[in-house]
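What's in entry_18.cif: mmCIF, C-alpha atoms
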```cif
data_query
#
loop_
_atom_site.group_PDB
_atom_site.id
_atom_site.type_symbol
_atom_site.label_atom_id
_atom_site.label_comp_id
_atom_site.auth_asym_id
_atom_site.auth_seq_id
_atom_site.Cartn_x
_atom_site.Cartn_y
_atom_site.Cartn_z
ATOM 1 C CA MET X 27 0.000 0.000 0.000
ATOM 2 C CA PRO X 28 1.525 3.360 -0.985
ATOM 3 C CA LYS X 29 2.442 5.878 1.632
ATOM 4 C CA ALA X 30 0.115 8.799 2.261
ATOM 5 C CA LYS X 31 0.949 11.523 -0.215
ATOM 6 C CA PHE X 32 -0.230 15.038 0.476
ATOM 7 C CA LYS X 33 0.198 17.676 -2.157
ATOM 8 C CA THR X 34 1.158 21.109 -0.952
ATOM 9 C CA SER X 35 -2.122 22.574 -2.149
ATOM 10 C CA MET X 36 -4.091 19.975 -0.206
ATOM 11 C CA VAL X 37 -2.051 20.464 2.952
ATOM 12 C CA LEU X 38 -2.337 24.225 2.887
ATOM 13 C CA GLY X 39 -5.926 24.247 1.664
ATOM 14 C CA VAL X 40 -8.846 24.402 4.089
ATOM 15 C CA ARG X 41 -12.453 23.762 3.109
ATOM 16 C CA ARG X 42 -14.837 26.666 3.644
ATOM 17 C CA GLN X 43 -18.359 25.676 2.526
ATOM 18 C CA ARG X 44 -17.914 24.707 -1.147
ATOM 19 C CA ARG X 45 -14.536 26.213 -1.887
ATOM 20 C CA VAL X 46 -11.010 25.481 -0.717
ATOM 21 C CA VAL X 47 -9.319 28.459 0.922
ATOM 22 C CA GLN X 48 -5.553 28.513 0.837
ATOM 23 C CA LEU X 49 -3.808 29.124 4.126
ATOM 24 C CA LYS X 50 -1.869 32.020 2.627
ATOM 25 C CA ASP X 51 -5.160 33.793 1.834
ATOM 26 C CA ILE X 52 -6.101 34.041 5.526
ATOM 27 C CA LYS X 53 -4.865 37.487 6.553
ATOM 28 C CA ASN X 54 -5.417 37.238 10.312
ATOM 29 C CA LYS X 55 -2.291 35.687 11.813
ATOM 30 C CA GLU X 56 -4.007 34.179 14.871
ATOM 31 C CA LYS X 57 -6.799 32.649 12.788
ATOM 32 C CA ARG X 58 -4.235 31.295 10.313
ATOM 33 C CA LYS X 59 -2.321 29.652 13.177
ATOM 34 C CA GLN X 60 -5.518 28.068 14.532
ATOM 35 C CA VAL X 61 -6.547 26.766 11.106
ATOM 36 C CA TRP X 62 -3.054 25.383 10.486
ATOM 37 C CA ALA X 63 -2.996 23.663 13.884
ATOM 38 C CA LYS X 64 -6.342 21.957 13.120
ATOM 39 C CA ARG X 65 -5.140 20.961 9.654
ATOM 40 C CA LYS X 66 -1.918 19.567 11.074
ATOM 41 C CA VAL X 67 -3.882 17.369 13.491
ATOM 42 C CA GLU X 68 -6.074 16.122 10.609
ATOM 43 C CA ILE X 69 -3.010 15.224 8.545
ATOM 44 C CA ALA X 70 -1.445 13.368 11.477
ATOM 45 C CA LYS X 71 -4.688 11.427 12.041
ATOM 46 C CA THR X 72 -4.965 10.359 8.393
ATOM 47 C CA LYS X 73 -1.309 9.296 8.327
ATOM 48 C CA ASP X 74 -1.820 7.326 11.540
ATOM 49 C CA LYS X 75 -4.930 5.607 10.118
ATOM 50 C CA LEU X 76 -3.006 4.537 7.022
ATOM 51 C CA TYR X 77 -0.126 3.311 9.197
ATOM 52 C CA GLN X 78 -2.463 1.297 11.445
ATOM 53 C CA LYS X 79 -4.102 -0.229 8.364
ATOM 54 C CA ARG X 80 -0.711 -1.336 7.001
ATOM 55 C CA ARG X 81 0.310 -2.595 10.438
ATOM 56 C CA LYS X 82 -2.806 -4.770 10.777
ATOM 57 C CA LYS X 83 -2.247 -6.127 7.280
ATOM 58 C CA ARG X 84 1.362 -7.023 8.136
ATOM 59 C CA LEU X 85 0.357 -8.734 11.370
ATOM 60 C CA LYS X 86 -2.343 -10.735 9.609
ATOM 61 C CA PHE X 87 -0.666 -11.694 6.318
ATOM 62 C CA GLY X 88 3.039 -11.091 6.957
ATOM 63 C CA PHE X 89 5.479 -8.406 5.902
ATOM 64 C CA LYS X 90 5.158 -9.042 2.162
ATOM 65 C CA ALA X 91 1.459 -8.121 2.226
ATOM 66 C CA ALA X 92 2.257 -4.451 2.879
ATOM 67 C CA PRO X 93 6.011 -3.997 2.438
ATOM 68 C CA PHE X 94 7.662 -0.844 3.680
ATOM 69 C CA GLU X 95 9.678 0.682 0.866
ATOM 70 C CA ILE X 96 12.696 2.652 2.007
ATOM 71 C CA LYS X 97 13.300 5.505 -0.385
ATOM 72 C CA THR X 98 16.971 6.061 -1.124
ATOM 73 C CA GLN X 99 18.762 7.920 -3.907
ATOM 74 C CA GLU X 100 19.363 4.629 -5.705
ATOM 75 C CA SER X 101 15.742 3.469 -5.520
ATOM 76 C CA LYS X 102 14.460 6.874 -6.699
ATOM 77 C CA ARG X 103 16.910 7.086 -9.601
ATOM 78 C CA VAL X 104 15.333 6.886 -13.045
ATOM 79 C CA PRO X 105 17.413 4.629 -15.318
ATOM 80 C CA ASP X 106 18.592 6.154 -18.600
ATOM 81 C CA GLU X 107 20.712 4.997 -21.544
ATOM 82 C CA THR X 108 23.991 5.843 -19.776
ATOM 83 C CA THR X 109 23.321 3.392 -16.926
ATOM 84 C CA ILE X 110 25.517 0.280 -17.105
ATOM 85 C CA THR X 111 24.149 -2.980 -15.756
ATOM 86 C CA GLY X 112 26.209 -6.155 -15.659
ATOM 87 C CA TYR X 113 29.435 -6.851 -17.562
ATOM 88 C CA ASP X 114 30.464 -4.581 -20.436
ATOM 89 C CA GLU X 115 33.649 -5.178 -22.473
ATOM 90 C CA GLU X 116 34.035 -1.517 -23.382
ATOM 91 C CA VAL X 117 33.934 -0.455 -19.740
ATOM 92 C CA GLU X 118 36.382 -3.199 -18.732
ATOM 93 C CA GLY X 119 38.781 -1.991 -21.439
ATOM 94 C CA GLU X 120 38.552 1.534 -20.060
ATOM 95 C CA HIS X 121 39.254 0.227 -16.552
ATOM 96 C CA GLN X 122 42.399 -1.555 -17.784
ATOM 97 C CA MET X 123 43.705 1.647 -19.409
ATOM 98 C CA ASP X 124 42.782 3.760 -16.379
ATOM 99 C CA GLU X 125 45.497 5.501 -14.338
ATOM 100 C CA PHE X 126 44.484 3.476 -11.244
ATOM 101 C CA SER X 127 44.458 0.089 -13.005
ATOM 102 C CA ALA X 128 47.751 -0.915 -11.342
ATOM 103 C CA HIS X 129 46.245 -0.300 -7.910
ATOM 104 C CA PHE X 130 43.063 -2.260 -8.634
ATOM 105 C CA SER X 131 44.980 -5.203 -10.105
ATOM 106 C CA GLN X 132 47.288 -5.040 -7.035
ATOM 107 C CA LEU X 133 50.465 -4.517 -9.076
ATOM 108 C CA ALA X 134 51.300 -1.277 -7.251
ATOM 109 C CA LYS X 135 51.398 -0.990 -3.494
ATOM 110 C CA PRO X 136 49.174 1.765 -2.111
ATOM 111 C CA LYS X 137 50.792 4.703 -0.389
ATOM 112 C CA ILE X 138 48.822 6.020 2.555
ATOM 113 C CA CYS X 139 49.940 8.945 4.675
ATOM 114 C CA ILE X 140 48.333 8.995 8.110
ATOM 115 C CA THR X 141 47.939 12.470 9.570
ATOM 116 C CA THR X 142 46.379 13.901 12.718
ATOM 117 C CA SER X 143 45.941 17.204 14.473
ATOM 118 C CA ILE X 144 48.925 18.843 16.178
ATOM 119 C CA ARG X 145 48.550 16.981 19.484
ATOM 120 C CA PRO X 146 46.301 13.914 19.174
ATOM 121 C CA MET X 147 44.641 12.431 22.233
ATOM 122 C CA LYS X 148 45.992 9.210 23.722
ATOM 123 C CA VAL X 149 43.032 7.186 22.430
ATOM 124 C CA HIS X 150 43.594 8.479 18.908
ATOM 125 C CA PHE X 151 47.274 7.674 19.126
ATOM 126 C CA PHE X 152 46.593 4.005 19.976
ATOM 127 C CA PHE X 153 44.056 3.852 17.157
ATOM 128 C CA LEU X 154 46.627 5.225 14.719
ATOM 129 C CA LEU X 155 49.232 2.686 15.834
ATOM 130 C CA GLN X 156 46.760 -0.128 15.139
ATOM 131 C CA LYS X 157 46.040 1.337 11.697
ATOM 132 C CA LYS X 158 49.764 1.596 10.981
ATOM 133 C CA LYS X 159 50.250 -2.098 11.798
ATOM 134 C CA ARG X 160 47.508 -3.078 9.344
ATOM 135 C CA THR X 161 48.788 -0.896 6.510
ATOM 136 C CA PRO X 162 52.534 -1.594 6.227
ATOM 137 C CA PHE X 163 53.435 1.115 3.691
ATOM 138 C CA SER X 164 51.925 4.019 5.588
ATOM 139 C CA PRO X 165 54.208 6.593 7.203
ATOM 140 C CA PHE X 166 52.902 8.434 10.234
ATOM 141 C CA ASN X 167 53.745 12.143 10.414
#
```
As structure tokens - that is how I would like this structure written.
Amino acid sequence: MPKAKFKTSMVLGVRRQRRVVQLKDIKNKEKRKQVWAKRKVEIAKTKDKLYQKRRKKRLKFGFKAAPFEIKTQESKRVPDETTITGYDEEVEGEHQMDEFSAHFSQLAKPKICITTSIRPMKVHFFFLLQKKKRTPFSPFN
């Protein structure tokens, strides 16, 4: 079940008899605050009703009945012709001619310089010593 979607016009609009009055059209500041507070409570109630409906569905039929879709940048991205999926010979050829190809094929040893502030705390110092042991070619300055 899709999440509750409220358009800006619907959120800011308040019904007065047959017409919808926009919140910005209410000139009196106190009245506008009161109307907005009521509208905010209505929105919260409708969202809660939808949530409870999904929750009951999940309890009854399991999670797959009403899955919760987490929206991330990757899931919202619209695929276009420049998107590469799977193996592509042309891209692999570019990776082999890349300036970092020696590092990725582990032919060159990475050079890491570990730096800190002027006087690191004791805890940080022990952490840095552990890091230095794990990365052999990393000078500490």
Separation of atom CA of X:Lys137 from atom CA of X:Ser164 in Å
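Atom-to-atom, atom CA of X:Ser164 to atom CA of X:Lys137, that is 6.1 Å.
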With 3 Å added on each side, what axis-aligned box encloses every listed atom of stretch 60-71 of chain X? Give the centre and edge lengths in Å to one decimal, as AutoDock Vina command-line options.
```
--center_x -4.0 --center_y 19.7 --center_z 11.5 --size_x 11.1 --size_y 22.6 --size_z 12.0
```
So what do you get for atom CA of X:Glu115 versus atom CA of X:Ala128, distance-wise?
18.5 Å
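A straight line drawn from atom CA of X:Thr72 to atom CA of X:Asp51 is 24.3 Å long.
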Report the residues retrieved by the PyMOL selection byres ((chain X and resi 140) around 12) from the displayed file, expressed as an mmCIF file with C-alpha atoms, in the coordinates of the input.
```cif
data_model
loop_
_atom_site.group_PDB
_atom_site.id
_atom_site.type_symbol
_atom_site.label_atom_id
_atom_site.label_comp_id
_atom_site.auth_asym_id
_atom_site.auth_seq_id
_atom_site.Cartn_x
_atom_site.Cartn_y
_atom_site.Cartn_z
ATOM 1 C CA LYS X 137 50.792 4.703 -0.389
ATOM 2 C CA ILE X 138 48.822 6.020 2.555
ATOM 3 C CA CYS X 139 49.940 8.945 4.675
ATOM 4 C CA THR X 141 47.939 12.470 9.570
ATOM 5 C CA THR X 142 46.379 13.901 12.718
ATOM 6 C CA SER X 143 45.941 17.204 14.473
ATOM 7 C CA HIS X 150 43.594 8.479 18.908
ATOM 8 C CA PHE X 151 47.274 7.674 19.126
ATOM 9 C CA PHE X 153 44.056 3.852 17.157
ATOM 10 C CA LEU X 154 46.627 5.225 14.719
ATOM 11 C CA LEU X 155 49.232 2.686 15.834
ATOM 12 C CA GLN X 156 46.760 -0.128 15.139
ATOM 13 C CA LYS X 157 46.040 1.337 11.697
ATOM 14 C CA LYS X 158 49.764 1.596 10.981
ATOM 15 C CA LYS X 159 50.250 -2.098 11.798
ATOM 16 C CA THR X 161 48.788 -0.896 6.510
ATOM 17 C CA PRO X 162 52.534 -1.594 6.227
ATOM 18 C CA PHE X 163 53.435 1.115 3.691
ATOM 19 C CA SER X 164 51.925 4.019 5.588
ATOM 20 C CA PRO X 165 54.208 6.593 7.203
ATOM 21 C CA PHE X 166 52.902 8.434 10.234
ATOM 22 C CA ASN X 167 53.745 12.143 10.414
#
```
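Selection by the PyMOL selection byres ((chain X and resi 87-93) around 12) on the present file picks out Met27, Pro28, Lys29, Leu76, Tyr77, Gln78, Lys79, Arg80, Arg81, Lys82, Lys83, Arg84, Leu85, Lys86, Phe94, Glu95 and Ile96 of chain X.
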